[in-house]
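What follows is data-v6.cif (mmCIF, C-alpha atoms).
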data_protein
loop_
_atom_site.label_atom_id
_atom_site.label_comp_id
_atom_site.auth_asym_id
_atom_site.auth_seq_id
_atom_site.Cartn_x
_atom_site.Cartn_y
_atom_site.Cartn_z
CA MET A 30 -13.68 -153.13 242.62
CA SER A 31 -10.36 -151.53 243.55
CA HIS A 32 -10.16 -148.10 245.10
CA PRO A 33 -7.21 -145.66 245.19
CA LEU A 34 -5.39 -145.33 248.47
CA TYR A 35 -4.82 -141.75 249.59
CA VAL A 36 -1.94 -141.34 252.05
CA ALA A 37 -1.27 -138.07 253.86
CA PHE A 38 2.14 -137.47 255.41
CA ILE A 39 2.18 -134.84 258.15
CA TRP A 40 5.65 -133.78 259.26
CA HIS A 41 5.27 -132.58 262.83
CA GLN A 42 8.00 -130.07 263.71
CA HIS A 43 7.95 -129.30 267.43
CA GLN A 44 10.36 -128.23 270.12
CA PRO A 45 9.28 -127.31 273.65
CA LEU A 46 10.05 -123.86 274.93
CA TYR A 47 13.64 -124.03 276.21
CA LYS A 48 13.71 -120.28 276.75
CA SER A 49 14.04 -119.01 280.32
CA ARG A 50 12.25 -115.95 281.62
CA GLY A 51 13.74 -112.52 282.11
CA GLY A 52 16.91 -110.82 280.95
CA ALA A 53 17.76 -108.82 277.86
CA GLU A 54 18.83 -111.91 275.94
CA ALA A 55 16.87 -115.13 275.58
CA GLN A 56 18.68 -117.72 277.68
CA TYR A 57 18.09 -121.30 276.54
CA ARG A 58 18.68 -124.44 278.58
CA LEU A 59 19.27 -126.74 275.58
CA PRO A 60 20.44 -126.28 271.96
CA TRP A 61 17.98 -128.50 270.10
CA VAL A 62 16.12 -125.78 268.21
CA ARG A 63 19.40 -124.50 266.78
CA LEU A 64 20.89 -127.91 266.02
CA HIS A 65 17.78 -129.50 264.54
CA GLY A 66 17.23 -126.25 262.66
CA THR A 67 20.55 -126.75 260.86
CA LYS A 68 19.92 -130.45 260.26
CA ASP A 69 16.21 -131.11 259.74
CA TYR A 70 13.70 -128.32 259.27
CA LEU A 71 15.04 -126.64 256.13
CA ASP A 72 16.47 -129.64 254.31
CA LEU A 73 13.11 -131.44 254.39
CA VAL A 74 11.28 -128.77 252.43
CA LEU A 75 14.22 -128.12 250.10
CA LEU A 76 14.20 -131.80 249.16
CA LEU A 77 10.43 -131.69 248.64
CA GLU A 78 10.80 -128.70 246.33
CA LYS A 79 12.71 -130.91 243.89
CA TYR A 80 9.53 -132.97 243.43
CA PRO A 81 6.83 -130.40 242.60
CA ASN A 82 4.13 -133.04 242.07
CA LEU A 83 4.59 -134.30 245.62
CA HIS A 84 2.32 -132.45 248.07
CA GLN A 85 2.99 -132.62 251.78
CA THR A 86 1.84 -131.12 255.08
CA VAL A 87 4.23 -129.66 257.64
CA ASN A 88 3.10 -128.67 261.11
CA LEU A 89 5.10 -125.87 262.73
CA VAL A 90 4.48 -125.34 266.42
CA PRO A 91 4.55 -121.65 267.44
CA SER A 92 7.04 -122.28 270.26
CA LEU A 93 9.44 -123.64 267.63
CA ILE A 94 8.94 -120.64 265.34
CA LEU A 95 9.54 -118.24 268.23
CA GLN A 96 12.85 -119.88 269.13
CA ILE A 97 14.07 -120.08 265.53
CA GLU A 98 13.50 -116.35 265.23
CA ASP A 99 15.45 -115.68 268.44
CA TYR A 100 18.45 -117.53 267.05
CA VAL A 101 18.20 -115.76 263.69
CA ALA A 102 18.14 -112.41 265.49
CA GLY A 103 21.23 -113.40 267.45
CA THR A 104 19.47 -112.93 270.79
CA ALA A 105 19.30 -116.60 271.82
CA ILE A 106 22.14 -118.04 273.88
CA ASP A 107 22.26 -121.69 274.93
CA PRO A 108 25.06 -123.28 277.02
CA TYR A 109 26.53 -125.09 274.01
CA LEU A 110 26.57 -121.90 271.94
CA ALA A 111 28.14 -119.89 274.75
CA LEU A 112 30.95 -122.42 275.14
CA THR A 113 31.50 -122.58 271.37
CA LEU A 114 32.20 -118.84 271.39
CA THR A 115 34.43 -118.91 274.49
CA PRO A 116 38.21 -118.72 273.90
CA VAL A 117 39.50 -122.15 274.93
CA GLU A 118 42.24 -120.55 277.05
CA GLN A 119 39.50 -119.14 279.29
CA LEU A 120 37.66 -122.41 279.90
CA ASN A 121 37.49 -123.45 283.54
CA GLN A 122 37.42 -127.02 284.83
CA GLU A 123 33.63 -127.19 285.07
CA GLN A 124 33.24 -125.98 281.48
CA LYS A 125 35.78 -128.51 280.24
CA GLU A 126 33.90 -131.29 282.00
CA PHE A 127 30.67 -130.18 280.34
CA ILE A 128 32.33 -130.14 276.91
CA VAL A 129 33.82 -133.60 277.31
CA GLU A 130 30.47 -134.96 278.50
CA HIS A 131 28.06 -133.23 276.10
CA PHE A 132 29.78 -132.17 272.88
CA PHE A 133 29.34 -135.63 271.42
CA ASP A 134 25.56 -135.42 271.96
CA GLY A 135 23.88 -136.98 268.95
CA ASN A 136 23.91 -140.27 267.09
CA HIS A 137 27.61 -141.10 266.89
CA HIS A 138 27.10 -143.47 263.92
CA THR A 139 25.81 -140.65 261.70
CA LEU A 140 27.23 -137.49 263.28
CA VAL A 141 30.60 -138.52 264.73
CA ASP A 142 31.98 -141.63 263.02
CA PRO A 143 32.05 -140.21 259.45
CA HIS A 144 34.47 -137.42 260.47
CA PRO A 145 38.04 -138.54 261.32
CA ARG A 146 38.97 -135.84 263.85
CA TYR A 147 35.59 -135.96 265.60
CA ALA A 148 35.76 -139.76 265.72
CA GLU A 149 39.32 -139.57 267.09
CA LEU A 150 38.24 -137.39 270.00
CA TYR A 151 35.19 -139.57 270.64
CA GLY A 152 37.37 -142.68 270.63
CA GLN A 153 39.67 -141.14 273.24
CA ARG A 154 36.75 -140.37 275.52
CA GLN A 155 35.20 -143.80 275.11
CA ASP A 156 38.40 -145.85 275.29
CA ARG A 157 40.49 -143.88 277.78
CA GLY A 158 37.76 -142.18 279.76
CA ARG A 159 36.67 -138.68 280.61
CA SER A 160 39.31 -138.20 283.30
CA TRP A 161 42.07 -139.02 280.82
CA CYS A 162 40.70 -136.43 278.38
CA LEU A 163 40.56 -133.76 281.09
CA SER A 164 44.15 -134.52 282.06
CA HIS A 165 45.66 -134.84 278.59
CA TRP A 166 43.69 -132.74 276.14
CA GLU A 167 45.26 -129.46 275.10
CA ALA A 168 43.56 -126.25 274.00
CA GLN A 169 43.44 -127.35 270.37
CA ASP A 170 41.59 -130.56 271.26
CA TYR A 171 38.85 -128.55 272.95
CA SER A 172 38.69 -126.09 270.06
CA ASP A 173 38.33 -128.90 267.53
CA LEU A 174 35.62 -130.59 269.59
CA LEU A 175 33.66 -127.34 269.95
CA MET A 176 33.86 -126.86 266.20
CA TRP A 177 32.94 -130.41 265.25
CA HIS A 178 29.86 -130.52 267.42
CA ASN A 179 28.47 -127.58 265.47
CA LEU A 180 29.76 -128.75 262.08
CA ALA A 181 28.51 -132.33 262.28
CA TRP A 182 24.95 -131.22 262.98
CA ILE A 183 24.76 -129.33 259.66
CA ASP A 184 22.79 -131.43 257.18
CA PRO A 185 24.78 -132.97 254.29
CA LEU A 186 22.45 -131.11 251.90
CA PHE A 187 24.48 -127.98 252.71
CA TRP A 188 27.94 -129.51 252.45
CA ASP A 189 28.48 -128.04 249.00
CA ASP A 190 28.53 -124.58 250.57
CA PRO A 191 32.15 -123.40 250.07
CA GLN A 192 32.68 -122.52 253.73
CA ILE A 193 31.23 -125.78 255.01
CA ALA A 194 33.14 -127.79 252.43
CA GLY A 195 36.33 -126.04 253.51
CA TRP A 196 35.78 -126.90 257.16
CA LEU A 197 35.03 -130.53 256.36
CA LYS A 198 38.26 -130.77 254.36
CA GLN A 199 40.28 -128.97 257.04
CA ASP A 200 39.21 -131.54 259.68
CA ARG A 201 41.30 -130.13 262.56
CA ASP A 202 43.21 -127.13 263.93
CA PHE A 203 40.12 -124.93 264.15
CA SER A 204 40.31 -121.47 265.68
CA LEU A 205 37.92 -119.24 267.59
CA SER A 206 37.33 -117.39 264.32
CA ASP A 207 36.20 -120.65 262.69
CA ARG A 208 33.80 -121.26 265.56
CA GLN A 209 32.39 -117.76 265.30
CA ARG A 210 31.85 -118.18 261.57
CA ILE A 211 30.08 -121.52 261.92
CA ILE A 212 27.56 -119.98 264.32
CA THR A 213 26.95 -117.31 261.69
CA LYS A 214 26.39 -120.15 259.20
CA HIS A 215 23.87 -121.71 261.58
CA ARG A 216 21.94 -118.43 261.63
CA GLU A 217 22.01 -118.25 257.83
CA ILE A 218 20.42 -121.71 257.56
CA LEU A 219 17.88 -120.98 260.30
CA SER A 220 16.88 -117.72 258.62
CA GLN A 221 15.60 -119.61 255.56
CA ILE A 222 13.25 -122.00 257.40
CA ILE A 223 10.08 -119.91 257.73
CA PRO A 224 10.43 -118.07 254.38
CA GLN A 225 10.92 -121.38 252.54
CA HIS A 226 7.80 -122.85 254.13
CA ARG A 227 5.80 -119.76 253.18
CA LYS A 228 7.14 -119.82 249.62
CA MET A 229 6.15 -123.45 249.11
CA GLN A 230 2.74 -122.96 250.68
CA ASP A 231 2.13 -119.98 248.38
CA SER A 232 3.08 -122.16 245.40
CA GLY A 233 0.54 -124.79 246.44
CA GLN A 234 2.99 -127.63 247.05
CA LEU A 235 3.01 -127.44 250.83
CA GLU A 236 0.32 -127.01 253.46
CA VAL A 237 1.58 -125.52 256.71
CA THR A 238 -0.46 -126.26 259.81
CA THR A 239 0.07 -125.12 263.36
CA THR A 240 -0.96 -125.90 266.94
CA PRO A 241 -1.78 -123.95 270.11
CA TYR A 242 1.09 -121.72 271.17
CA THR A 243 3.29 -124.15 273.11
CA HIS A 244 1.50 -127.29 271.91
CA PRO A 245 -0.30 -128.13 275.16
CA ILE A 246 -3.01 -130.77 275.45
CA LEU A 247 -5.94 -128.38 275.74
CA PRO A 248 -8.32 -130.55 277.79
CA LEU A 249 -5.65 -130.83 280.49
CA LEU A 250 -5.42 -127.05 280.67
CA ALA A 251 -9.13 -126.96 281.43
CA ASP A 252 -8.88 -129.74 283.99
CA THR A 253 -6.13 -132.28 284.60
CA ASN A 254 -8.81 -134.74 285.69
CA ALA A 255 -9.80 -134.90 282.01
CA GLY A 256 -6.98 -137.40 281.61
CA ARG A 257 -9.19 -140.06 283.13
CA VAL A 258 -11.71 -139.71 280.30
CA ALA A 259 -9.32 -141.63 278.05
CA VAL A 260 -7.50 -143.64 280.73
CA PRO A 261 -9.75 -144.25 283.77
CA GLN A 262 -6.91 -145.58 285.95
CA MET A 263 -4.44 -142.85 285.01
CA ALA A 264 -2.24 -141.57 287.84
CA LEU A 265 -2.91 -137.83 288.14
CA PRO A 266 -1.01 -135.03 289.89
CA GLU A 267 -1.77 -134.71 293.59
CA GLN A 268 -2.81 -131.10 293.01
CA ARG A 269 -5.59 -130.73 290.47
CA PHE A 270 -4.98 -128.01 287.86
CA GLN A 271 -7.78 -126.05 286.17
CA TYR A 272 -7.20 -122.96 284.03
CA ALA A 273 -9.54 -122.99 281.04
CA ASP A 274 -8.81 -119.32 280.25
CA ASP A 275 -5.36 -120.37 279.06
CA ILE A 276 -6.92 -122.30 276.18
CA THR A 277 -8.10 -119.12 274.48
CA ARG A 278 -4.69 -117.52 275.01
CA HIS A 279 -2.84 -120.42 273.37
CA LEU A 280 -5.22 -120.45 270.40
CA SER A 281 -5.22 -116.70 269.81
CA LYS A 282 -1.42 -116.37 270.06
CA ALA A 283 -0.95 -119.25 267.61
CA TRP A 284 -3.48 -117.75 265.19
CA LEU A 285 -1.78 -114.34 265.27
CA MET A 286 1.73 -115.79 264.82
CA TYR A 287 0.56 -117.82 261.84
CA GLU A 288 -1.08 -114.84 260.13
CA GLU A 289 2.00 -112.65 260.63
CA ARG A 290 4.39 -115.20 259.14
CA PHE A 291 2.31 -116.81 256.39
CA GLY A 292 0.12 -113.94 255.25
CA ARG A 293 -3.13 -115.85 255.71
CA SER A 294 -5.22 -117.32 258.49
CA PRO A 295 -4.78 -120.98 259.50
CA GLY A 296 -8.19 -121.70 257.99
CA ALA A 297 -7.13 -120.46 254.56
CA CYS A 298 -5.09 -123.53 253.62
CA GLY A 299 -3.18 -123.98 256.87
CA HIS A 300 -5.03 -125.43 259.85
CA LEU A 301 -4.78 -125.05 263.58
CA ASN A 302 -4.52 -128.48 265.17
CA SER A 303 -5.92 -128.34 268.71
CA ARG A 304 -4.79 -131.83 269.64
#
Rewrite the structure of this file - the entire thing - as structure tokens.
Amino acid sequence: MSHPLYVAFIWHQHQPLYKSRGGAEAQYRLPWVRLHGTKDYLDLVLLLEKYPNLHQTVNLVPSLILQIEDYVAGTAIDPYLALTLTPVEQLNQEQKEFIVEHFFDGNHHTLVDPHPRYAELYGQRQDRGRSWCLSHWEAQDYSDLLMWHNLAWIDPLFWDDPQIAGWLKQDRDFSLSDRQRIITKHREILSQIIPQHRKMQDSGQLEVTTTPYTHPILPLLADTNAGRVAVPQMALPEQRFQYADDITRHLSKAWLMYEERFGRSPGACGHLNSR
């Protein structure tokens, strides 16, 4: 006798907390919340919405939600964002070296190669070397690279947006104003992520789950020696760590964040995954 096969897909959306402590603005070490936010988190659920009979589960880690909201509010600054908004005439040697090294970060087959100007700059770095770029690139080359790093990370689902379509067609000769406007476009895309998840959960197509606040492995918060329960020969830190009180803090903060953003408790459709 045959039996139906039930398959559950759980899309786990997580970024660690890149946010540093202190200061009026949230300083971030890396840009991955912002960049993956423009490429992955919204387009997934927008595509799912086109297939209303397809039900899925998306897990949103609170530390990801927190950082998305910082970027939407315009209070998050990461090194890549700061350089994007810096007039190229003011870039110093160290900043130029960082741009040449890191503004091709990503899969070059999918993010760089399809765009002629971006591919041209990448080819110069790869074929002639970083030193050649630093010696020969002019202000416009840096401006175009700053722009393309931010443009290429925007998911193709949004390329029919008139502004984005215009930039893709323009290809080169981007200005500081263009770079300012594309960061505004990033914030527009990011601002739709949480509301779209809530909308689709309210409609019954999506189940949104969550995890403890920064997605720690809770048994290790109680006692790092717990690692040897699963792996008896595991190499452990020299200094044993035990802070079980932090477990309750992670759970309660996640629960509260979920209720505030989704208008229900994690147990009322959404679930809190403690693993």
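Counting from atom CA of Asp274 of chain A, the distance to atom CA of Thr253 of chain A is 13.9 Å.
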Next item on the list: Expand the PyMOL selection byres ((chain A and resi 110-125) around 12) into the individual residues it matches in the shown file, reporting them as a VMD selection string.
Entry: chain A and resid 56 to 64 100 103 to 109 126 to 132 159 to 160 162 to 180 203 to 213 215 to 216
Next item on the list: Name all residues at most 8 Å from Leu249 of chain A (count only C-alpha atoms; drop same-chain ones fewer than 5 positions away) and give them as a ChimeraX atom specification.
Entry: /A:254-256,270-271
Checklist line | Selection result of the PyMOL selection byres ((chain A and resi 225) around 12) on this file, as a VMD selection string | finding: chain A and resid 70 to 78 87 218 to 224 226 to 232 234 to 235 237 290 to 291
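Separating atom CA of His137 of chain A from atom CA of Trp182 of chain A is a distance of 11.0 Å.
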Item checked: Point-to-point distance from atom CA of Pro266 of chain A to atom CA of Ser92 of chain A, Å rounded to tenths ->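 One can read the atom CA of Pro266 of chain A to atom CA of Ser92 of chain A distance as 24.8 Å.
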Next item on the list: Report as a PyMOL selection string the full result of the PyMOL selection byres ((chain A and resi 244) around 12) when it is applied to this structure.
Entry: chain A and resi 41-46+88-94+239-243+245-250+276+278-280+282-283+301-304
Dump of C-alpha atoms for the selected residues, as a CSV table (one decimal), in the coordinates of the input:
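Below is the file part.csv, written as the result:
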chain,number,residue,atom,x,y,z
A,41,HIS,CA,5.3,-132.6,262.8
A,42,GLN,CA,8.0,-130.1,263.7
A,43,HIS,CA,8.0,-129.3,267.4
A,44,GLN,CA,10.4,-128.2,270.1
A,45,PRO,CA,9.3,-127.3,273.6
A,46,LEU,CA,10.0,-123.9,274.9
A,88,ASN,CA,3.1,-128.7,261.1
A,89,LEU,CA,5.1,-125.9,262.7
A,90,VAL,CA,4.5,-125.3,266.4
A,91,PRO,CA,4.6,-121.6,267.4
A,92,SER,CA,7.0,-122.3,270.3
A,93,LEU,CA,9.4,-123.6,267.6
A,94,ILE,CA,8.9,-120.6,265.3
A,239,THR,CA,0.1,-125.1,263.4
A,240,THR,CA,-1.0,-125.9,266.9
A,241,PRO,CA,-1.8,-124.0,270.1
A,242,TYR,CA,1.1,-121.7,271.2
A,243,THR,CA,3.3,-124.2,273.1
A,245,PRO,CA,-0.3,-128.1,275.2
A,246,ILE,CA,-3.0,-130.8,275.4
A,247,LEU,CA,-5.9,-128.4,275.7
A,248,PRO,CA,-8.3,-130.6,277.8
A,249,LEU,CA,-5.6,-130.8,280.5
A,250,LEU,CA,-5.4,-127.0,280.7
A,276,ILE,CA,-6.9,-122.3,276.2
A,278,ARG,CA,-4.7,-117.5,275.0
A,279,HIS,CA,-2.8,-120.4,273.4
A,280,LEU,CA,-5.2,-120.4,270.4
A,282,LYS,CA,-1.4,-116.4,270.1
A,283,ALA,CA,-1.0,-119.2,267.6
A,301,LEU,CA,-4.8,-125.0,263.6
A,302,ASN,CA,-4.5,-128.5,265.2
A,303,SER,CA,-5.9,-128.3,268.7
A,304,ARG,CA,-4.8,-131.8,269.6
Generate a file for segment 106-194 of chain A, containing C-alpha atoms, as a short mmCIF file (atom, residue, chain, number, x, y, z; two decimals), in the first residue's frame.
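Result written to part_30.cif:
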data_model
loop_
_atom_site.label_atom_id
_atom_site.label_comp_id
_atom_site.auth_asym_id
_atom_site.auth_seq_id
_atom_site.Cartn_x
_atom_site.Cartn_y
_atom_site.Cartn_z
CA ILE A 106 26.56 52.00 8.98
CA ASP A 107 28.89 49.29 7.67
CA PRO A 108 32.32 49.93 6.09
CA TYR A 109 31.03 49.17 2.58
CA LEU A 110 28.09 51.53 3.00
CA ALA A 111 30.28 54.30 4.39
CA LEU A 112 32.65 54.07 1.42
CA THR A 113 29.75 53.99 -1.04
CA LEU A 114 28.61 57.36 0.30
CA THR A 115 32.08 58.91 0.38
CA PRO A 116 32.96 61.34 -2.46
CA VAL A 117 35.63 59.51 -4.48
CA GLU A 118 37.84 62.62 -4.46
CA GLN A 119 38.15 62.22 -0.68
CA LEU A 120 39.21 58.57 -0.67
CA ASN A 121 42.61 57.93 0.88
CA GLN A 122 45.03 55.19 -0.12
CA GLU A 123 43.85 52.75 2.54
CA GLN A 124 40.22 53.18 1.49
CA LYS A 125 41.11 52.65 -2.16
CA GLU A 126 42.94 49.45 -1.28
CA PHE A 127 39.89 48.21 0.61
CA ILE A 128 37.61 48.99 -2.35
CA VAL A 129 39.85 47.22 -4.85
CA GLU A 130 40.09 44.19 -2.56
CA HIS A 131 36.48 43.88 -1.33
CA PHE A 132 34.02 45.51 -3.72
CA PHE A 133 33.95 42.41 -5.88
CA ASP A 134 32.88 40.30 -2.87
CA GLY A 135 30.31 37.80 -4.08
CA ASN A 136 30.00 35.09 -6.69
CA HIS A 137 31.56 36.70 -9.76
CA HIS A 138 29.77 34.29 -12.15
CA THR A 139 26.33 35.54 -11.07
CA LEU A 140 27.00 39.01 -9.66
CA VAL A 141 29.89 40.38 -11.73
CA ASP A 142 30.17 38.65 -15.11
CA PRO A 143 26.65 39.53 -16.37
CA HIS A 144 27.37 43.29 -16.14
CA PRO A 145 29.87 44.67 -18.70
CA ARG A 146 31.32 47.56 -16.68
CA TYR A 147 31.56 45.53 -13.47
CA ALA A 148 33.17 42.66 -15.38
CA GLU A 149 35.61 45.10 -17.01
CA LEU A 150 36.81 46.38 -13.65
CA TYR A 151 37.02 42.84 -12.26
CA GLY A 152 39.03 41.74 -15.29
CA GLN A 153 41.52 44.56 -14.74
CA ARG A 154 42.03 43.55 -11.13
CA GLN A 155 42.41 39.88 -11.94
CA ASP A 156 44.56 40.24 -15.06
CA ARG A 157 46.70 43.27 -14.22
CA GLY A 158 46.68 43.09 -10.44
CA ARG A 159 45.65 45.23 -7.53
CA SER A 160 48.73 47.44 -7.69
CA TRP A 161 48.01 48.30 -11.32
CA CYS A 162 44.44 49.31 -10.41
CA LEU A 163 45.65 51.52 -7.57
CA SER A 164 48.13 53.21 -9.91
CA HIS A 165 45.90 53.61 -12.96
CA TRP A 166 42.28 53.86 -11.88
CA GLU A 167 40.76 57.32 -11.93
CA ALA A 168 37.95 58.71 -9.77
CA GLN A 169 35.27 57.48 -12.16
CA ASP A 170 36.54 53.90 -11.97
CA TYR A 171 36.15 53.93 -8.19
CA SER A 172 32.72 55.53 -8.43
CA ASP A 173 31.53 52.91 -10.89
CA LEU A 174 32.87 50.08 -8.74
CA LEU A 175 31.19 51.46 -5.62
CA MET A 176 27.93 51.66 -7.52
CA TRP A 177 28.13 48.24 -9.12
CA HIS A 178 28.82 46.43 -5.89
CA ASN A 179 25.53 47.74 -4.53
CA LEU A 180 23.62 47.34 -7.80
CA ALA A 181 24.68 43.78 -8.58
CA TRP A 182 23.48 42.52 -5.19
CA ILE A 183 19.90 43.63 -5.92
CA ASP A 184 17.86 40.57 -6.90
CA PRO A 185 16.77 40.36 -10.57
CA LEU A 186 13.16 40.20 -9.32
CA PHE A 187 13.42 43.96 -8.77
CA TRP A 188 15.11 44.87 -12.05
CA ASP A 189 11.84 46.08 -13.55
CA ASP A 190 11.86 48.95 -11.06
CA PRO A 191 12.37 52.07 -13.25
CA GLN A 192 15.31 53.37 -11.24
CA ILE A 193 17.09 50.02 -11.14
CA ALA A 194 16.41 49.40 -14.82
#
